[in-house]
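The structure file entry-v6.cif is reproduced below (mmCIF, C-alpha atoms and all ligand atoms).
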```
data_final
loop_
_atom_site.group_PDB
_atom_site.id
_atom_site.type_symbol
_atom_site.label_atom_id
_atom_site.label_comp_id
_atom_site.auth_asym_id
_atom_site.auth_seq_id
_atom_site.Cartn_x
_atom_site.Cartn_y
_atom_site.Cartn_z
ATOM 1 C CA MET X 679 61.372 -44.747 -34.160
ATOM 2 C CA LYS X 680 63.209 -41.590 -35.076
ATOM 3 C CA LYS X 681 60.238 -39.537 -33.907
ATOM 4 C CA LEU X 682 60.237 -41.352 -30.576
ATOM 5 C CA THR X 683 63.917 -40.599 -30.083
ATOM 6 C CA LEU X 684 63.418 -36.907 -30.765
ATOM 7 C CA LEU X 685 60.513 -36.873 -28.355
ATOM 8 C CA SER X 686 62.663 -38.533 -25.707
ATOM 9 C CA ILE X 687 65.382 -35.953 -26.191
ATOM 10 C CA PHE X 688 62.819 -33.184 -25.983
ATOM 11 C CA ALA X 689 61.388 -34.657 -22.777
ATOM 12 C CA PHE X 690 64.861 -34.956 -21.340
ATOM 13 C CA LEU X 691 65.708 -31.337 -22.167
ATOM 14 C CA THR X 692 62.381 -30.170 -20.756
ATOM 15 C CA PHE X 693 63.036 -32.107 -17.585
ATOM 16 C CA GLN X 694 66.461 -30.544 -17.312
ATOM 17 C CA ALA X 695 64.968 -27.099 -17.716
ATOM 18 C CA VAL X 696 62.516 -27.361 -14.791
ATOM 19 C CA ALA X 697 63.166 -24.225 -12.827
ATOM 20 C CA GLN X 698 63.449 -24.535 -9.078
ATOM 21 C CA GLU X 699 63.846 -21.008 -7.903
ATOM 22 C CA ALA X 700 63.117 -18.539 -5.134
ATOM 23 C CA TYR X 701 62.344 -14.957 -6.199
ATOM 24 C CA TYR X 702 62.399 -12.209 -3.585
ATOM 25 C CA LEU X 703 59.452 -9.797 -3.427
ATOM 26 C CA ALA X 704 60.373 -7.799 -0.276
ATOM 27 C CA ASN X 705 60.290 -8.158 3.525
ATOM 28 C CA GLU X 706 59.167 -11.810 3.933
ATOM 29 C CA GLY X 707 57.609 -12.000 0.494
ATOM 30 C CA VAL X 708 59.013 -14.828 -1.635
ATOM 31 C CA MET X 709 57.830 -16.610 -4.769
ATOM 32 C CA VAL X 710 58.896 -20.247 -5.096
ATOM 33 C CA THR X 711 58.767 -21.949 -8.486
ATOM 34 C CA ASP X 712 59.070 -25.596 -9.434
ATOM 35 C CA GLY X 713 58.488 -25.812 -13.179
ATOM 36 C CA GLU X 714 54.924 -24.666 -13.792
ATOM 37 C CA THR X 715 54.028 -24.674 -10.110
ATOM 38 C CA LYS X 716 54.296 -21.355 -8.303
ATOM 39 C CA ILE X 717 53.520 -20.266 -4.786
ATOM 40 C CA LEU X 718 53.817 -16.969 -2.934
ATOM 41 C CA PHE X 719 54.584 -16.371 0.731
ATOM 42 C CA ASP X 720 53.491 -13.133 2.479
ATOM 43 C CA PRO X 721 53.230 -11.249 -0.843
ATOM 44 C CA LEU X 722 50.670 -8.545 0.003
ATOM 45 C CA TYR X 723 51.005 -6.174 2.946
ATOM 46 C CA PRO X 724 50.597 -2.442 3.506
ATOM 47 C CA GLU X 725 53.069 -1.595 6.280
ATOM 48 C CA SER X 726 56.802 -0.933 6.238
ATOM 49 C CA TYR X 727 56.773 0.348 9.832
ATOM 50 C CA GLY X 728 59.591 2.593 8.649
ATOM 51 C CA GLN X 729 61.972 -0.401 8.704
ATOM 52 C CA TYR X 730 61.084 -2.888 5.977
ATOM 53 C CA LEU X 731 60.903 -2.789 2.222
ATOM 54 C CA LEU X 732 57.523 -2.731 0.569
ATOM 55 C CA VAL X 733 56.866 -4.864 -2.507
ATOM 56 C CA PRO X 734 57.573 -2.599 -5.521
ATOM 57 C CA ASP X 735 54.394 -1.242 -7.154
ATOM 58 C CA GLU X 736 55.151 -2.899 -10.496
ATOM 59 C CA VAL X 737 55.488 -6.284 -8.773
ATOM 60 C CA ARG X 738 52.246 -5.794 -6.819
ATOM 61 C CA ASN X 739 50.417 -4.791 -9.978
ATOM 62 C CA ALA X 740 51.773 -7.784 -11.890
ATOM 63 C CA ILE X 741 50.652 -10.145 -9.093
ATOM 64 C CA PHE X 742 47.083 -8.775 -9.225
ATOM 65 C CA ALA X 743 47.081 -8.842 -13.017
ATOM 66 C CA GLY X 744 48.589 -12.337 -13.221
ATOM 67 C CA GLU X 745 51.391 -11.119 -15.473
ATOM 68 C CA ALA X 746 54.679 -13.009 -15.885
ATOM 69 C CA PRO X 747 56.527 -14.056 -13.882
ATOM 70 C CA PHE X 748 53.493 -14.004 -11.533
ATOM 71 C CA ASP X 749 51.138 -15.748 -13.955
ATOM 72 C CA ASP X 750 49.372 -18.959 -12.935
ATOM 73 C CA ILE X 751 50.108 -18.720 -9.227
ATOM 74 C CA ASP X 752 48.813 -21.869 -7.528
ATOM 75 C CA ALA X 753 48.658 -20.721 -3.936
ATOM 76 C CA VAL X 754 49.419 -17.904 -1.530
ATOM 77 C CA PHE X 755 50.602 -18.594 2.020
ATOM 78 C CA VAL X 756 50.218 -16.135 4.881
ATOM 79 C CA SER X 757 52.435 -16.457 7.942
ATOM 80 C CA HIS X 758 50.481 -14.242 10.352
ATOM 81 C CA PHE X 759 48.124 -11.311 10.708
ATOM 82 C CA HIS X 760 50.567 -8.406 11.013
ATOM 83 C CA GLY X 761 50.600 -5.398 8.724
ATOM 84 C CA ASP X 762 54.084 -6.083 7.368
ATOM 85 C CA HIS X 763 53.022 -9.591 6.207
ATOM 86 C CA PHE X 764 49.336 -9.551 5.365
ATOM 87 C CA SER X 765 46.465 -7.432 4.119
ATOM 88 C CA ALA X 766 42.910 -8.759 4.341
ATOM 89 C CA GLU X 767 41.762 -6.308 1.651
ATOM 90 C CA ASP X 768 44.539 -7.199 -0.776
ATOM 91 C CA SER X 769 44.095 -10.928 -0.180
ATOM 92 C CA LEU X 770 40.393 -10.703 -1.013
ATOM 93 C CA ALA X 771 41.149 -8.576 -4.073
ATOM 94 C CA LEU X 772 43.743 -11.056 -5.338
ATOM 95 C CA LEU X 773 41.419 -14.045 -4.913
ATOM 96 C CA GLN X 774 38.737 -12.118 -6.805
ATOM 97 C CA ALA X 775 41.110 -11.118 -9.594
ATOM 98 C CA GLN X 776 42.760 -14.544 -9.984
ATOM 99 C CA SER X 777 40.171 -17.288 -9.889
ATOM 100 C CA ASN X 778 42.650 -20.181 -9.762
ATOM 101 C CA VAL X 779 44.624 -18.991 -6.744
ATOM 102 C CA ALA X 780 44.160 -20.730 -3.385
ATOM 103 C CA LEU X 781 45.072 -19.101 -0.089
ATOM 104 C CA TYR X 782 46.410 -20.759 3.065
ATOM 105 C CA ALA X 783 46.438 -18.701 6.230
ATOM 106 C CA PRO X 784 46.074 -18.884 9.989
ATOM 107 C CA GLN X 785 42.495 -18.722 11.249
ATOM 108 C CA GLN X 786 43.154 -15.241 12.649
ATOM 109 C CA ALA X 787 43.933 -13.841 9.197
ATOM 110 C CA VAL X 788 40.961 -15.614 7.604
ATOM 111 C CA LEU X 789 38.645 -14.119 10.243
ATOM 112 C CA GLY X 790 40.107 -10.721 9.353
ATOM 113 C CA MET X 791 39.135 -11.370 5.735
ATOM 114 C CA ARG X 792 35.629 -12.556 6.650
ATOM 115 C CA THR X 793 35.042 -9.416 8.715
ATOM 116 C CA ILE X 794 35.491 -7.108 5.740
ATOM 117 C CA ALA X 795 34.377 -9.331 2.829
ATOM 118 C CA THR X 796 31.555 -7.957 0.691
ATOM 119 C CA ASP X 797 28.673 -10.186 -0.420
ATOM 120 C CA GLU X 798 30.215 -10.606 -3.850
ATOM 121 C CA GLN X 799 33.519 -11.682 -2.275
ATOM 122 C CA GLU X 800 31.895 -14.540 -0.296
ATOM 123 C CA SER X 801 32.556 -17.073 -3.036
ATOM 124 C CA VAL X 802 36.340 -16.676 -2.786
ATOM 125 C CA PHE X 803 36.285 -18.464 0.585
ATOM 126 C CA ASP X 804 35.867 -21.752 -1.335
ATOM 127 C CA ARG X 805 39.584 -21.336 -2.068
ATOM 128 C CA VAL X 806 40.632 -20.216 1.392
ATOM 129 C CA HIS X 807 42.139 -22.793 3.729
ATOM 130 C CA ALA X 808 42.381 -21.722 7.345
ATOM 131 C CA VAL X 809 44.662 -23.537 9.747
ATOM 132 C CA SER X 810 43.570 -23.301 13.345
ATOM 133 C CA LEU X 811 46.470 -24.268 15.559
ATOM 134 C CA GLN X 812 47.368 -23.633 19.166
ATOM 135 C CA TYR X 813 50.929 -23.497 20.416
ATOM 136 C CA LYS X 814 52.170 -27.070 20.972
ATOM 137 C CA ASP X 815 49.513 -28.593 18.683
ATOM 138 C CA ALA X 816 50.837 -31.303 16.364
ATOM 139 C CA PRO X 817 51.657 -30.122 12.824
ATOM 140 C CA VAL X 818 48.862 -30.518 10.259
ATOM 141 C CA THR X 819 49.007 -31.676 6.645
ATOM 142 C CA LEU X 820 46.851 -30.432 3.767
ATOM 143 C CA ARG X 821 47.009 -31.523 0.155
ATOM 144 C CA MET X 822 46.253 -29.716 -3.058
ATOM 145 C CA ASP X 823 46.900 -31.113 -6.567
ATOM 146 C CA ASN X 824 50.638 -30.586 -6.826
ATOM 147 C CA LEU X 825 51.306 -29.235 -3.334
ATOM 148 C CA LEU X 826 51.900 -30.972 -0.037
ATOM 149 C CA VAL X 827 51.247 -28.366 2.630
ATOM 150 C CA GLU X 828 52.426 -28.813 6.204
ATOM 151 C CA ALA X 829 51.858 -26.276 8.957
ATOM 152 C CA VAL X 830 52.928 -25.852 12.553
ATOM 153 C CA ARG X 831 52.367 -22.951 14.902
ATOM 154 C CA ILE X 832 55.606 -21.525 16.225
ATOM 155 C CA PRO X 833 55.222 -18.505 18.513
ATOM 156 C CA HIS X 834 55.974 -15.039 17.167
ATOM 157 C CA SER X 835 59.273 -13.531 18.300
ATOM 158 C CA GLY X 836 58.844 -11.938 21.694
ATOM 159 C CA TRP X 837 57.659 -15.195 23.281
ATOM 160 C CA PRO X 838 56.901 -15.811 26.130
ATOM 161 C CA THR X 839 55.986 -12.282 27.158
ATOM 162 C CA GLY X 840 55.013 -10.574 23.908
ATOM 163 C CA ARG X 841 52.696 -11.275 20.966
ATOM 164 C CA VAL X 842 51.725 -14.711 22.281
ATOM 165 C CA ASP X 843 48.218 -14.324 20.803
ATOM 166 C CA VAL X 844 49.557 -14.038 17.251
ATOM 167 C CA GLU X 845 48.997 -17.222 15.243
ATOM 168 C CA ASN X 846 52.368 -17.439 13.501
ATOM 169 C CA ILE X 847 52.540 -20.377 11.102
ATOM 170 C CA VAL X 848 55.698 -22.024 9.844
ATOM 171 C CA TRP X 849 54.791 -23.514 6.462
ATOM 172 C CA ARG X 850 56.639 -26.440 4.936
ATOM 173 C CA VAL X 851 55.465 -26.829 1.356
ATOM 174 C CA THR X 852 56.510 -29.439 -1.192
ATOM 175 C CA LEU X 853 55.890 -28.634 -4.865
ATOM 176 C CA ASN X 854 55.450 -31.512 -7.322
ATOM 177 C CA ASP X 855 57.052 -33.972 -4.879
ATOM 178 C CA ASN X 856 60.253 -32.260 -5.940
ATOM 179 C CA THR X 857 60.987 -28.968 -4.167
ATOM 180 C CA THR X 858 60.438 -28.386 -0.458
ATOM 181 C CA VAL X 859 60.678 -24.981 1.177
ATOM 182 C CA VAL X 860 60.102 -23.721 4.709
ATOM 183 C CA HIS X 861 58.781 -20.218 5.364
ATOM 184 C CA MET X 862 58.991 -19.277 9.016
ATOM 185 C CA GLY X 863 57.098 -16.019 9.378
ATOM 186 C CA ASP X 864 58.240 -14.184 12.490
ATOM 187 C CA ALA X 865 59.128 -17.351 14.399
ATOM 188 C CA ASP X 866 60.729 -17.097 17.816
ATOM 189 C CA PRO X 867 64.253 -18.576 17.708
ATOM 190 C CA ASN X 868 63.963 -20.814 20.766
ATOM 191 C CA ASP X 869 64.562 -24.539 20.375
ATOM 192 C CA VAL X 870 61.837 -25.475 22.885
ATOM 193 C CA HIS X 871 59.241 -24.861 20.146
ATOM 194 C CA PHE X 872 60.994 -27.108 17.649
ATOM 195 C CA ALA X 873 61.988 -29.790 20.161
ATOM 196 C CA LEU X 874 58.276 -30.656 20.487
ATOM 197 C CA ASN X 875 58.309 -32.384 17.059
ATOM 198 C CA PRO X 876 61.774 -33.809 16.321
ATOM 199 C CA GLU X 877 60.455 -36.523 13.979
ATOM 200 C CA TYR X 878 58.395 -33.977 12.014
ATOM 201 C CA TRP X 879 61.446 -31.813 11.387
ATOM 202 C CA GLY X 880 63.707 -34.775 10.712
ATOM 203 C CA ARG X 881 61.459 -36.377 8.101
ATOM 204 C CA VAL X 882 62.346 -34.021 5.228
ATOM 205 C CA THR X 883 65.446 -32.258 3.956
ATOM 206 C CA PRO X 884 64.030 -29.040 2.459
ATOM 207 C CA ASN X 885 65.734 -27.430 -0.523
ATOM 208 C CA ALA X 886 65.591 -24.092 1.273
ATOM 209 C CA ALA X 887 64.326 -22.319 4.355
ATOM 210 C CA PHE X 888 63.487 -18.625 4.648
ATOM 211 C CA PRO X 889 64.040 -17.707 8.291
ATOM 212 C CA PRO X 890 63.709 -14.169 9.635
ATOM 213 C CA TYR X 891 67.242 -12.771 9.780
ATOM 214 C CA TRP X 892 67.393 -12.952 13.592
ATOM 215 C CA PHE X 893 67.838 -16.727 13.355
ATOM 216 C CA PHE X 894 71.376 -16.014 12.134
ATOM 217 C CA ALA X 895 72.099 -13.701 15.049
ATOM 218 C CA SER X 896 71.870 -16.283 17.855
ATOM 219 C CA ASP X 897 73.346 -19.713 18.508
ATOM 220 C CA ALA X 898 69.854 -21.015 19.267
ATOM 221 C CA GLY X 899 68.537 -19.766 15.934
ATOM 222 C CA GLN X 900 71.431 -21.263 13.982
ATOM 223 C CA GLY X 901 71.021 -24.534 15.864
ATOM 224 C CA ILE X 902 67.335 -24.692 14.889
ATOM 225 C CA LEU X 903 68.213 -24.147 11.223
ATOM 226 C CA GLU X 904 70.901 -26.826 11.317
ATOM 227 C CA ASN X 905 69.373 -29.456 13.577
ATOM 228 C CA ARG X 906 65.600 -29.043 13.209
ATOM 229 C CA VAL X 907 64.610 -27.386 9.927
ATOM 230 C CA GLY X 908 67.629 -28.954 8.212
ATOM 231 C CA ALA X 909 67.365 -27.217 4.830
ATOM 232 C CA ARG X 910 70.166 -27.452 2.286
ATOM 233 C CA ARG X 911 70.293 -23.661 2.150
ATOM 234 C CA ASN X 912 68.933 -20.844 4.274
ATOM 235 C CA VAL X 913 68.122 -17.435 2.884
ATOM 236 C CA GLY X 914 67.229 -14.856 5.523
ATOM 237 C CA VAL X 915 64.252 -12.541 5.092
ATOM 238 C CA HIS X 916 62.592 -9.666 7.022
ATOM 239 C CA VAL X 917 65.853 -7.730 6.815
ATOM 240 C CA PRO X 918 65.490 -4.076 7.936
ATOM 241 C CA VAL X 919 66.597 -1.524 5.352
ATOM 242 C CA GLN X 920 69.467 -0.339 7.564
ATOM 243 C CA ILE X 921 71.183 -3.744 7.297
ATOM 244 C CA PRO X 922 73.215 -3.463 4.080
ATOM 245 C CA GLY X 923 73.262 -5.975 1.264
ATOM 246 C CA SER X 924 77.038 -6.096 1.287
ATOM 247 C CA PRO X 925 78.142 -8.725 3.861
ATOM 248 C CA MET X 926 81.241 -6.851 5.044
ATOM 249 C CA ALA X 927 79.170 -3.778 5.906
ATOM 250 C CA ARG X 928 76.818 -5.789 8.132
ATOM 251 C CA PRO X 929 76.904 -6.390 11.872
ATOM 252 C CA ILE X 930 79.444 -9.143 12.411
ATOM 253 C CA GLU X 931 76.916 -11.847 13.370
ATOM 254 C CA LEU X 932 75.175 -11.466 9.994
ATOM 255 C CA ARG X 933 78.255 -11.469 7.750
ATOM 256 C CA SER X 934 78.224 -15.144 6.884
ATOM 257 C CA ALA X 935 74.442 -15.231 6.370
ATOM 258 C CA ASP X 936 72.785 -15.371 2.975
ATOM 259 C CA LEU X 937 70.092 -12.685 3.096
ATOM 260 C CA PHE X 938 67.471 -11.481 0.653
ATOM 261 C CA THR X 939 67.825 -7.685 0.627
ATOM 262 C CA ARG X 940 66.837 -6.497 -2.881
ATOM 263 C CA PRO X 941 63.448 -7.140 -4.522
ATOM 264 C CA GLY X 942 63.929 -9.249 -7.646
ATOM 265 C CA GLU X 943 66.886 -11.234 -6.259
ATOM 266 C CA THR X 944 66.692 -14.954 -6.959
ATOM 267 C CA ARG X 945 68.274 -18.133 -5.606
ATOM 268 C CA SER X 946 68.410 -21.504 -7.304
ATOM 269 C CA LEU X 947 66.785 -24.255 -5.247
ATOM 270 C CA GLU X 948 68.404 -27.156 -7.117
HETATM 271 ZN ZN ZN N 1 54.981 -10.073 12.976
#
```
Take the structure from the file and write it as structure tokens.
Amino acid sequence: MKKLTLLSIFAFLTFQAVAQEAYYLANEGVMVTDGETKILFDPLYPESYGQYLLVPDEVRNAIFAGEAPFDDIDAVFVSHFHGDHFSAEDSLALLQAQSNVALYAPQQAVLGMRTIATDEQESVFDRVHAVSLQYKDAPVTLRMDNLLVEAVRIPHSGWPTGRVDVENIVWRVTLNDNTTVVHMGDADPNDVHFALNPEYWGRVTPNAAFPPYWFFASDAGQGILENRVGARRNVGVHVPVQIPGSPMARPIELRSADLFTRPGETRSLE
């Protein structure tokens, strides 16, 4: 009986200690943790375009090597096939190096990987899940052990005249039926895209959303975060290096926004 009580206390303490956290890599790269479950968004990319932070070398190396805190990653999510979000070469290399990692990406990015994959890399595609979505298609749902994966195509910023061919995916991922996050890629901040699926957006209250910073700079973008995505907290990503970390030094429309600006920053998702 005494043993049972101690076990119960231990279980209780363990439950209390389940970490729900977002860890910033750089640009739109974020790791989300719920206890032992870990996912990465847009973690591997080669381009800064002179404006965005690259993932620090030691972080990149630890991801490939599977070293803490990047050990036992369950899945990687790619928002779209642009050089400041995705690398086909790196994605293939990571899947080869870490045999338990799954990858979710738009069809466009997966085709980019298939184009350059070597014969010995073919087997990694067993763990690659492509979503093939057109603008205005209904959201899709995929399931993996402890992940509920939902995806909808929201046009890249620049719509309706620019970059309309880019398959930009907004991922809504729930870890362990416990922590839900929304990663938006380079979504265009126009409510017409989100108004297509009001019940989809209204069904869940995410713990956090990671919108590109321009969502904070327009009424339409802020309205989407409040009325559609509906997360309990929003942490902006894709912040150019010239926008300072200190709120009072920022352009006025970004002063009240919570932004990820320094690699290694974390936010609690509880
Ligand atoms: Zn882009």
Handout entry: Selection result for the PyMOL selection byres (((chain X and resi 915-930) around 10) and not hetatm) on this file, as a PyMOL selection string
Key = chain X and resi 702+704-708+726-731+762-763+861-864+887-893+895+912-914+931-940
Practice task
Around ligand ZN 1 (chain N), at most 10 Å away and counting all atoms listed in the file, which residues are there? Put them as a PyMOL selection string, please.
Solution key: chain X and resi 757-764+834-836+841+844-846+863-865+916
Handout entry: Counting all atoms listed in the file, the option among X:Thr711, X:Gln776, X:Asn856, X:Asn905 closest to X:Asn875
Key = X:Asn905
Handout entry: atom CA of X:Tyr813 to atom CA of X:His871, distance in Å rounded to a single decimal
Key = 8.4 Å
Problem - Å distance separating atom CA of X:Lys814 from atom CA of X:Tyr878, one decimal place - result: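 Between atom CA of X:Lys814 and atom CA of X:Tyr878 the gap is 12.9 Å.
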Exercise for the section: With a distance cut-off of 9 Å and all atoms listed in the file, select the neighbouring residues of X:Pro817, excluding the residue or stretch itself and same-chain residues fewer than 5 positions from it, and output the selection as a VMD selection string. Expected result: chain X and resid 811 828 to 831 875 878
Problem - Distance in Å - atom CA of X:Tyr701 versus atom CA of X:Ala898 - result: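 Atom-to-atom, atom CA of X:Tyr701 and atom CA of X:Ala898 are spaced 27.2 Å apart.
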Practice task
Go through X:Arg805, X:Arg738, X:Arg906, X:Arg821 one by one, measure the shortest atom-to-atom distance of each to X:Pro867 using only C-alpha atoms, and give the residue with the smallest value.
Solution key: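 The closest residue to X:Pro867 is X:Arg906.
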